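Next comes run_20.tsv, with TSV, C-alpha atoms.
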chain	number	residue	atom	x	y	z
E	1	MET	CA	0.00	0.00	0.00
E	2	ARG	CA	1.28	3.46	-0.87
E	3	ARG	CA	0.81	6.38	1.50
E	4	VAL	CA	0.80	9.77	-0.17
E	5	VAL	CA	1.22	12.93	1.90
E	6	LEU	CA	-0.11	16.08	0.27
E	7	GLY	CA	1.15	19.51	1.30
E	8	SER	CA	-0.55	22.86	1.20
E	9	ALA	CA	0.29	23.40	-2.47
E	10	VAL	CA	-2.08	22.20	-5.21
E	11	LEU	CA	-0.88	18.66	-5.95
E	12	ALA	CA	-2.42	16.25	-8.46
E	13	GLY	CA	-5.48	18.41	-8.84
E	14	VAL	CA	-6.30	18.64	-5.13
E	15	LEU	CA	-8.20	21.72	-3.99
E	16	ALA	CA	-6.59	22.77	-0.67
E	17	LEU	CA	-8.80	24.58	1.80
E	18	GLY	CA	-8.54	23.81	5.51
E	19	CYS	CA	-7.08	21.45	8.12
E	20	GLY	CA	-7.41	20.68	11.80
E	21	CYS	CA	-8.89	18.65	14.53
E	22	ALA	CA	-12.30	19.18	16.16
E	23	SER	CA	-14.70	18.92	19.00
E	24	THR	CA	-18.40	19.83	18.89
E	25	THR	CA	-21.34	21.35	20.68
E	26	ASP	CA	-25.10	21.59	20.42
E	27	ASP	CA	-26.61	23.99	17.94
E	28	THR	CA	-27.23	26.67	20.53
E	29	ALA	CA	-26.19	30.25	19.69
E	30	ALA	CA	-27.48	29.75	16.17
E	31	GLY	CA	-30.45	32.03	16.04
E	32	ALA	CA	-28.66	35.07	14.73
E	33	ALA	CA	-30.83	37.21	12.53
E	34	GLU	CA	-30.10	37.24	8.83
E	35	GLY	CA	-27.35	39.76	8.13
E	36	ALA	CA	-25.99	39.66	11.68
E	37	ALA	CA	-22.46	38.57	12.57
E	38	PRO	CA	-21.97	35.20	14.33
E	39	GLY	CA	-22.04	35.08	18.10
E	40	ALA	CA	-19.00	34.68	20.33
E	41	PRO	CA	-17.59	31.15	20.72
E	42	THR	CA	-18.21	29.61	24.14
E	43	GLY	CA	-16.41	26.98	26.20
E	44	VAL	CA	-12.94	28.25	25.27
E	45	THR	CA	-10.10	26.55	27.14
E	46	ALA	CA	-6.32	26.94	26.92
E	47	ALA	CA	-3.59	24.68	28.28
E	48	ALA	CA	0.15	24.59	27.71
E	49	GLY	CA	1.12	21.76	25.38
E	50	SER	CA	4.87	22.22	25.81
E	51	ALA	CA	7.34	24.99	26.65
E	52	THR	CA	6.61	26.58	23.27
E	53	SER	CA	2.96	25.74	22.53
E	54	VAL	CA	-0.56	26.22	23.91
E	55	HIS	CA	-3.55	24.05	22.99
E	56	LEU	CA	-6.91	25.81	22.57
E	57	MET	CA	-10.39	24.28	22.25
E	58	TRP	CA	-13.84	25.85	21.98
E	59	ASN	CA	-17.45	24.99	21.24
E	60	ALA	CA	-18.80	25.51	17.75
E	61	VAL	CA	-21.01	28.48	17.11
E	62	GLY	CA	-24.37	27.10	15.93
E	63	ALA	CA	-24.55	25.81	12.37
E	64	ARG	CA	-27.28	28.24	11.33
E	65	ALA	CA	-24.89	31.12	11.99
E	66	GLY	CA	-23.01	30.15	8.81
E	67	VAL	CA	-19.52	30.22	10.33
E	68	SER	CA	-16.82	29.83	7.68
E	69	ALA	CA	-13.75	30.33	9.89
E	70	TYR	CA	-12.50	30.95	13.41
E	71	GLU	CA	-9.77	33.48	14.17
E	72	VAL	CA	-7.52	32.95	17.18
E	73	TYR	CA	-5.97	36.00	18.86
E	74	ARG	CA	-3.07	36.28	21.28
E	75	GLY	CA	-3.80	39.55	22.98
E	76	THR	CA	-4.80	41.79	20.07
E	77	ALA	CA	-2.71	39.95	17.46
E	78	LYS	CA	-4.32	37.36	15.22
E	79	VAL	CA	-2.13	34.25	15.34
E	80	ARG	CA	-4.18	31.46	13.73
E	81	GLU	CA	-7.17	30.99	11.45
E	82	VAL	CA	-8.94	27.66	10.97
E	83	PRO	CA	-12.01	26.54	8.98
E	84	GLY	CA	-15.41	26.79	10.60
E	85	SER	CA	-15.56	23.03	11.14
E	86	VAL	CA	-12.42	23.09	13.31
E	87	HIS	CA	-12.72	23.76	17.03
E	88	MET	CA	-9.24	22.84	18.31
E	89	VAL	CA	-5.80	24.25	17.48
E	90	ASP	CA	-2.21	24.44	18.72
E	91	VAL	CA	-0.60	27.87	18.90
E	92	VAL	CA	3.12	27.23	18.47
E	93	ARG	CA	6.44	29.09	18.48
E	94	LEU	CA	5.72	30.67	21.85
E	95	ALA	CA	8.31	31.70	24.44
E	96	PRO	CA	8.98	29.34	27.36
E	97	GLY	CA	8.01	30.50	30.84
E	98	THR	CA	5.56	33.11	29.55
E	99	ALA	CA	1.91	33.91	30.32
E	100	TYR	CA	-0.43	34.38	27.36
E	101	ALA	CA	-4.04	35.46	26.89
E	102	PHE	CA	-6.18	34.20	24.00
E	103	THR	CA	-9.58	34.87	22.48
E	104	VAL	CA	-11.46	33.30	19.56
E	105	ARG	CA	-13.79	35.01	17.06
E	106	ALA	CA	-16.13	33.49	14.47
E	107	ARG	CA	-16.41	34.80	10.90
E	108	ASP	CA	-19.26	34.01	8.52
E	109	GLY	CA	-19.21	33.48	4.76
E	110	GLU	CA	-19.91	37.17	4.14
E	111	GLY	CA	-16.80	38.19	6.08
E	112	ARG	CA	-18.68	39.44	9.15
E	113	LEU	CA	-16.59	38.98	12.28
E	114	GLY	CA	-18.35	38.21	15.54
E	115	PRO	CA	-17.38	39.43	19.00
E	116	PRO	CA	-14.45	37.84	20.83
E	117	SER	CA	-14.93	34.98	23.23
E	118	ARG	CA	-14.10	35.38	26.87
E	119	GLU	CA	-10.36	35.67	27.40
E	120	VAL	CA	-8.53	32.55	28.54
E	121	ARG	CA	-5.00	32.42	29.91
E	122	ALA	CA	-2.22	29.84	29.86
E	123	SER	CA	1.43	29.92	30.86
E	124	THR	CA	4.11	27.94	29.08
E	125	PRO	CA	6.54	26.16	31.42
E	126	THR	CA	10.19	27.04	31.59
E	127	ALA	CA	12.32	25.21	29.04
E	128	THR	CA	14.88	22.76	30.32
E	129	ALA	CA	18.13	22.07	28.50
E	130	ALA	CA	18.81	18.66	26.96
E	131	ASP	CA	15.69	16.97	28.35
E	132	ARG	CA	15.38	13.73	26.40
E	133	SER	CA	13.51	11.69	29.01
E	134	ALA	CA	9.86	11.06	28.21
E	135	PRO	CA	7.26	10.83	30.98
E	136	THR	CA	6.02	7.46	32.16
E	137	ARG	CA	2.89	6.26	30.49
E	138	PRO	CA	-0.45	7.06	32.16
E	139	GLY	CA	-2.09	4.07	33.85
E	140	GLY	CA	-5.48	3.09	35.16
E	141	VAL	CA	-7.34	4.45	32.13
E	142	ALA	CA	-11.09	4.10	32.60
E	143	GLY	CA	-14.17	5.65	31.09
E	144	ARG	CA	-17.88	5.57	30.38
E	145	ALA	CA	-20.15	6.74	27.60
E	146	VAL	CA	-22.03	10.00	28.22
E	147	GLY	CA	-24.97	9.83	25.84
E	148	ALA	CA	-24.60	9.32	22.10
E	149	THR	CA	-21.72	11.65	21.23
E	150	ALA	CA	-19.39	11.89	24.24
E	151	VAL	CA	-17.35	9.82	26.67
E	152	GLN	CA	-15.79	10.59	30.03
E	153	LEU	CA	-12.20	9.37	30.55
E	154	SER	CA	-9.94	9.25	33.58
E	155	TRP	CA	-6.40	7.98	34.21
E	156	SER	CA	-3.67	7.91	36.83
E	157	ALA	CA	-1.02	10.61	36.61
E	158	ALA	CA	2.21	10.02	34.72
E	159	THR	CA	5.55	11.05	36.21
E	160	ASP	CA	8.47	12.92	34.65
E	161	ASP	CA	11.95	13.91	35.78
E	162	ARG	CA	10.78	17.51	35.55
E	163	ALA	CA	7.02	17.84	35.02
E	164	VAL	CA	4.14	16.56	32.90
E	165	VAL	CA	2.78	19.53	30.94
E	166	SER	CA	-0.17	17.96	29.10
E	167	TYR	CA	-2.03	14.77	28.28
E	168	ASP	CA	-3.07	13.86	24.73
E	169	VAL	CA	-6.08	11.60	24.11
E	170	TYR	CA	-5.92	9.35	21.04
E	171	GLN	CA	-8.56	7.32	19.24
E	172	GLY	CA	-6.60	4.80	17.22
E	173	GLY	CA	-3.59	6.73	15.94
E	174	THR	CA	-5.38	10.10	15.85
E	175	ARG	CA	-5.05	12.73	18.57
E	176	ILE	CA	-8.54	14.04	19.22
E	177	HIS	CA	-8.21	15.89	22.53
E	178	SER	CA	-5.66	17.46	24.91
E	179	VAL	CA	-5.76	18.69	28.50
E	180	GLY	CA	-3.29	20.27	30.92
E	181	GLY	CA	-0.81	18.25	32.93
E	182	ASN	CA	-2.71	18.90	36.16
E	183	GLN	CA	-5.81	17.06	34.85
E	184	THR	CA	-6.38	13.31	35.01
E	185	ALA	CA	-9.93	13.28	33.61
E	186	THR	CA	-11.78	14.82	30.68
E	187	VAL	CA	-14.87	14.58	28.50
E	188	VAL	CA	-14.35	13.90	24.80
E	189	THR	CA	-17.15	15.13	22.54
E	190	GLY	CA	-17.87	15.06	18.82
E	191	LEU	CA	-18.18	11.26	18.60
E	192	ARG	CA	-20.59	9.17	16.55
E	193	PRO	CA	-23.66	7.52	18.08
E	194	GLY	CA	-23.62	3.75	18.51
E	195	THR	CA	-19.90	3.48	17.70
E	196	ARG	CA	-17.22	1.44	19.48
E	197	TYR	CA	-14.02	3.35	20.26
E	198	ALA	CA	-10.61	2.52	21.71
E	199	PHE	CA	-8.99	5.45	23.55
E	200	THR	CA	-5.43	5.79	24.81
E	201	VAL	CA	-3.71	8.59	26.72
E	202	ARG	CA	-0.11	9.84	26.37
E	203	ALA	CA	1.77	12.30	28.58
E	204	ARG	CA	3.93	15.16	27.27
E	205	ASP	CA	6.63	17.19	29.01
E	206	ALA	CA	7.89	20.73	28.41
E	207	ALA	CA	10.51	19.52	25.92
E	208	ASP	CA	7.78	17.84	23.83
E	209	ASN	CA	8.88	14.34	24.85
E	210	LEU	CA	5.87	12.06	24.49
E	211	SER	CA	5.27	9.00	26.66
E	212	ALA	CA	4.19	5.60	25.48
E	213	ALA	CA	0.43	5.15	25.32
E	214	GLY	CA	-1.36	3.98	28.42
E	215	PRO	CA	-3.65	0.94	28.27
E	216	ALA	CA	-6.56	1.25	25.87
E	217	VAL	CA	-10.10	1.68	27.17
E	218	ARG	CA	-12.89	0.51	24.85
E	219	LEU	CA	-16.25	2.23	25.01
E	220	THR	CA	-19.42	2.29	22.90
E	221	THR	CA	-21.42	5.50	22.58
E	222	GLY	CA	-25.15	5.37	23.08
E	223	PRO	CA	-27.69	5.19	20.24
E	224	GLY	CA	-28.50	8.46	18.52
E	225	THR	CA	-31.16	9.92	16.30
E	226	GLY	CA	-30.95	9.68	12.53
E	227	ALA	CA	-30.13	13.37	12.30
E	228	ALA	CA	-27.20	13.06	14.67
E	229	ASP	CA	-25.70	9.98	13.00
E	230	ARG	CA	-24.92	11.56	9.65
E	231	ASP	CA	-23.68	9.73	6.57
E	232	THR	CA	-19.92	9.36	6.81
E	233	ALA	CA	-19.26	8.26	3.21
E	234	PRO	CA	-17.75	10.70	0.67
E	235	ALA	CA	-20.53	12.05	-1.56
E	236	GLY	CA	-20.72	12.77	-5.28
E	237	PHE	CA	-17.91	10.32	-6.02
E	238	ARG	CA	-16.76	10.43	-9.66
E	239	ALA	CA	-14.05	8.47	-11.45
E	240	THR	CA	-12.62	9.00	-14.94
E	241	SER	CA	-9.34	8.29	-16.68
E	242	HIS	CA	-7.06	10.18	-19.04
E	243	ARG	CA	-3.99	9.29	-21.07
E	244	ALA	CA	-0.71	11.20	-20.90
E	245	ASP	CA	2.82	10.30	-22.07
E	246	GLY	CA	1.72	6.84	-23.16
E	247	ALA	CA	0.12	5.89	-19.82
E	248	TYR	CA	-3.30	6.04	-18.20
E	249	TYR	CA	-4.16	7.95	-15.03
E	250	LEU	CA	-7.18	7.51	-12.76
E	251	ASP	CA	-8.88	10.81	-11.88
E	252	LEU	CA	-11.08	10.90	-8.78
E	253	ALA	CA	-13.30	13.65	-7.37
E	254	TRP	CA	-15.60	13.70	-4.35
E	255	VAL	CA	-17.20	15.81	-1.65
E	256	PRO	CA	-15.80	15.16	1.85
E	257	PRO	CA	-18.32	13.80	4.37
E	258	ARG	CA	-20.06	16.46	6.46
E	259	VAL	CA	-18.74	15.67	9.91
E	260	ASP	CA	-17.61	17.71	12.90
E	261	GLY	CA	-14.05	18.52	11.91
E	262	VAL	CA	-11.88	18.39	8.81
E	263	VAL	CA	-11.07	15.12	7.07
E	264	THR	CA	-7.34	14.92	6.33
E	265	GLU	CA	-6.92	11.26	5.30
E	266	TYR	CA	-8.56	8.96	2.75
E	267	GLU	CA	-8.10	5.34	1.76
E	268	ILE	CA	-8.51	4.45	-1.94
E	269	ARG	CA	-9.44	0.89	-2.87
E	270	LEU	CA	-9.00	-0.70	-6.30
E	271	ASP	CA	-10.85	-3.97	-7.01
E	272	GLY	CA	-11.54	-4.43	-3.30
E	273	ARG	CA	-7.95	-3.92	-2.12
E	274	THR	CA	-6.32	-0.88	-0.56
E	275	ALA	CA	-4.23	0.84	-3.23
E	276	THR	CA	-3.09	4.03	-1.51
E	277	SER	CA	-3.70	6.28	1.47
E	278	LEU	CA	-3.87	10.05	0.94
E	279	VAL	CA	-2.91	12.37	3.79
E	280	TRP	CA	-3.12	16.14	3.55
E	281	GLY	CA	-0.14	17.49	5.47
E	282	GLY	CA	-1.25	21.10	5.01
E	283	ASN	CA	-4.69	22.45	4.17
E	284	ALA	CA	-7.26	19.73	3.51
E	285	PRO	CA	-10.22	20.12	1.10
E	286	ARG	CA	-13.63	20.80	2.63
E	287	ASP	CA	-15.98	21.42	-0.31
E	288	GLU	CA	-14.56	19.21	-3.06
E	289	ALA	CA	-11.47	17.03	-3.27
E	290	SER	CA	-9.73	15.46	-6.24
E	291	TYR	CA	-6.75	13.23	-6.84
E	292	SER	CA	-5.09	11.64	-9.87
E	293	PHE	CA	-2.63	8.76	-9.91
E	294	TYR	CA	-0.82	6.46	-12.34
E	295	LEU	CA	-2.77	3.38	-13.42
E	296	GLY	CA	-0.61	1.77	-16.12
E	297	LYS	CA	-0.15	1.54	-19.88
E	298	GLU	CA	-2.69	-1.19	-20.61
E	299	THR	CA	-5.63	-0.16	-22.81
E	300	GLY	CA	-8.99	-1.73	-22.01
E	301	ARG	CA	-8.20	-2.42	-18.36
E	302	THR	CA	-11.24	-2.07	-16.10
E	303	VAL	CA	-10.84	-1.19	-12.42
E	304	ARG	CA	-13.45	-0.75	-9.73
E	305	VAL	CA	-12.68	2.02	-7.26
E	306	ARG	CA	-14.06	3.20	-3.91
E	307	LEU	CA	-12.75	5.40	-1.11
E	308	ARG	CA	-13.43	6.18	2.52
E	309	ALA	CA	-12.39	8.90	4.96
E	310	ARG	CA	-10.69	8.71	8.32
E	311	LEU	CA	-12.98	10.87	10.44
E	312	PRO	CA	-11.86	13.46	13.00
E	313	ASP	CA	-12.83	11.06	15.82
E	314	GLY	CA	-10.17	8.62	14.53
E	315	THR	CA	-12.53	6.03	13.02
E	316	TRP	CA	-13.02	5.14	9.35
E	317	GLY	CA	-16.21	6.35	7.70
E	318	ALA	CA	-18.39	4.40	5.30
E	319	LEU	CA	-17.16	3.53	1.82
E	320	SER	CA	-18.25	5.65	-1.12
E	321	ALA	CA	-20.26	4.35	-4.04
E	322	GLU	CA	-18.23	2.04	-6.30
E	323	ARG	CA	-17.25	3.25	-9.76
E	324	ALA	CA	-15.79	1.24	-12.64
E	325	VAL	CA	-13.40	2.83	-15.14
E	326	THR	CA	-12.01	1.30	-18.34
E	327	THR	CA	-8.78	2.71	-19.70
E	328	GLY	CA	-9.09	3.94	-23.26
E	329	ALA	CA	-12.90	4.16	-23.13
E	330	ALA	CA	-14.21	6.64	-25.70
E	331	ASP	CA	-15.65	9.08	-23.16
E	332	GLY	CA	-13.16	8.43	-20.38
E	333	THR	CA	-15.95	8.29	-17.81
E	334	ASP	CA	-17.23	5.79	-15.28
E	335	GLY	CA	-17.83	2.37	-16.70
E	336	ALA	CA	-20.45	1.59	-14.05
E	337	ASP	CA	-22.86	3.36	-11.78
E	338	GLY	CA	-22.54	1.27	-8.65
E	339	THR	CA	-23.78	2.55	-5.36
E	340	GLY	CA	-21.76	0.32	-3.04
Could you quickly redo this structure as structure tokens?
Amino acid sequence: MRRVVLGSAVLAGVLALGCGCASTTDDTAAGAAEGAAPGAPTGVTAAAGSATSVHLMWNAVGARAGVSAYEVYRGTAKVREVPGSVHMVDVVRLAPGTAYAFTVRARDGEGRLGPPSREVRASTPTATAADRSAPTRPGGVAGRAVGATAVQLSWSAATDDRAVVSYDVYQGGTRIHSVGGNQTATVVTGLRPGTRYAFTVRARDAADNLSAAGPAVRLTTGPGTGAADRDTAPAGFRATSHRADGAYYLDLAWVPPRVDGVVTEYEIRLDGRTATSLVWGGNAPRDEASYSFYLGKETGRTVRVRLRARLPDGTWGALSAERAVTTGAADGTDGADGTG
């Protein structure tokens, strides 16, 4: 299996738009009148991630407010901007041993900027020279489901030769949450109803040394309503081929699944087998994605192709519809109209 990492530049026809991780909230502050700016984000938290970084999280402003982006400010200076589906970010390149204040503002598709959130503060720890010792791994990880879209986790504290600065929560190999080093419990939101998860926790020190993962805890979220458990398959999946320099290339296009967060990784399957994994290392597409790759020189070869997304909660989404493409076909379009 190939694994292709795509940067922020346009590569193989990919439309680059936004990237990040996410959490979620209910559709509360969504009743803004037409023409009004979005409301202020709520639930903003900040915790040092290392001696040079701070991790921020916030609740989404309601969907009906039409938020297209969030702007993160350090004092009065704008330091980060993320797509409207992203509600978690690391502010990096900070000074060790320094106190910082942050706010978050929502911006809608018309460019209207809402008021700032409440100010949150975090202090980076003092840097220590030549610290190459990682913390011990957290133990005693336990948890329980809290409704259909959240779980509560707890663990025993890790130890470090200096200090544990933060804990990162992983689902599979994906970091989906972070808390400060003084916390040994948290609630993880933005999950899918009726889904089984395996969570692990890792400790981080001021020098960014990361511990081994603690023992996994497996939990299943409660059942949800049809509206809450949205389709996780890529939509509008199209497959065609073209010929260049004596070879054929497979051209794919799709709409990323509408989930809480940005999808940065996809798995492409040819004839039922995994052919490649695409990972956006920079800005990931949100409205439409495309990718083209080498198929071979054989004319008349038919392949059946599907893809699926790794969701922000770390699980794989449903497979797309299946399309069949024959190299050298007169119209270069799908050879089949399968629905998977």
Can you pull out the residues contacting Thr232 (chain E)? Cut-off 8 Å, using all atoms listed in the file, and skip same-chain residues under 2 positions away; I want them as JSON, numbers by chain. {"E": [230, 234, 257, 258, 259, 309, 311, 317, 318]}
Contact residues around Thr98 (chain E) with all atoms listed in the file at 10 Å, ignoring same-chain residues under 5 positions, as a ChimeraX atom specification: /E:51-52,122-126
Residues within 12 Å of region 114-117 of chain E, all atoms listed in the file, excluding chain neighbours under 4 positions, as a ChimeraX atom specification: /E:29,32,35-45,57-61,65-76,78,101-110
Set out as CSV a contact list for region 198-240 of chain E and region 182-193 of chain E with a cut-off of 7 Å, giving each residue of region 198-240 of chain E that qualifies its closest atom pair and distance in Å to one decimal, counting only C-alpha atoms, ordered by chain and rising residue number.
residue,atom,partner,partner_atom,distance
E:Thr221,CA,E:Pro193,CA,5.4
E:Gly222,CA,E:Pro193,CA,5.6
E:Pro223,CA,E:Pro193,CA,5.1
E:Gly224,CA,E:Pro193,CA,5.0
E:Asp229,CA,E:Pro193,CA,6.0
Point-to-point distance from CA of Ser292 (chain E) to CA of Glu81 (chain E), Å rounded to tenths: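 Between these atoms lies a distance of 28.9 Å.
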Using all atoms listed in the file for the distances, tell me which of E:Asn283, E:Thr195, E:Ser154, E:Ser133 is nearest to Ala212 (chain E).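 Closest to Ala212 (chain E), using all atoms listed in the file: E:Ser133.
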Around (-4.7, 10.1, 31.2), as given in the file, which residues come within 10 Å? Count all atoms listed in the file and list them as a VMD selection string. chain E and resid 137 to 142 153 to 158 166 to 169 178 to 179 181 183 to 186 199 to 203 213 to 215
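Atom to atom, CA of Ala163 (chain E) and CA of Ala206 (chain E) stand 7.3 Å apart.
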Which residues, protein or nucleic acid, reach to within 8 Å of (-1.6, 7.4, -19.3) in the file's coordinates when using only C-alpha atoms, and can you give that as a ChimeraX atom specification? /E:242-249,294-297
Since we have the selection now, will you write its residues out, keeping C-alpha atoms, as a compact mmCIF listing (two decimals), keeping the file's coordinate frame?
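Generated file (selection39.txt):
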# COMPACT_ATOMS: atom_id res chain seq x y z
CA HIS E 242 -7.06 10.18 -19.04
CA ARG E 243 -3.99 9.29 -21.07
CA ALA E 244 -0.71 11.20 -20.90
CA ASP E 245 2.82 10.30 -22.07
CA GLY E 246 1.72 6.84 -23.16
CA ALA E 247 0.12 5.89 -19.82
CA TYR E 248 -3.30 6.04 -18.20
CA TYR E 249 -4.16 7.95 -15.03
CA TYR E 294 -0.82 6.46 -12.34
CA LEU E 295 -2.77 3.38 -13.42
CA GLY E 296 -0.61 1.77 -16.12
CA LYS E 297 -0.15 1.54 -19.88
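Taking CA of Leu219 (chain E) and CA of Pro312 (chain E) as endpoints, the distance between them is 17.0 Å.
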Draw an axis-aligned box over all listed atoms of region 189-208 of chain E, pad each side with 6 Å, and write its centre and edge lengths in Å, one decimal, as JSON.
{"center_x": -6.6, "center_y": 11.1, "center_z": 22.8, "size_x": 46.2, "size_y": 31.3, "size_z": 24.5}
Let me make sure I understand: among E:Pro135, E:Gly314, E:Gly84, E:Pro285, which one has the smallest atom-to-atom distance to Gln171 (chain E) if we use all atoms listed in the file?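 Checking each candidate against Gln171 (chain E), we get E:Gly314 as the closest.
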Which of these residues is nearest to Glu288 (chain E), using all atoms listed in the file: E:Ala329, E:Ala321, E:Ala198, E:Ala235?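 Smallest separation from Glu288 (chain E) among the options: E:Ala235.
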Could you name the residues that touch Ser53 (chain E) at 8 Å or less, counting only C-alpha atoms, but leaving out those on the same chain fewer than 3 positions away, as a PyMOL selection string? chain E and resi 48-50+90-94+124
For Gly173 (chain E), the nearest of the candidates E:Phe293, E:Trp280, E:Tyr197, E:Trp254, counting only C-alpha atoms: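 Ranking E:Phe293, E:Trp280, E:Tyr197, E:Trp254 by distance to Gly173 (chain E), first place goes to E:Tyr197.
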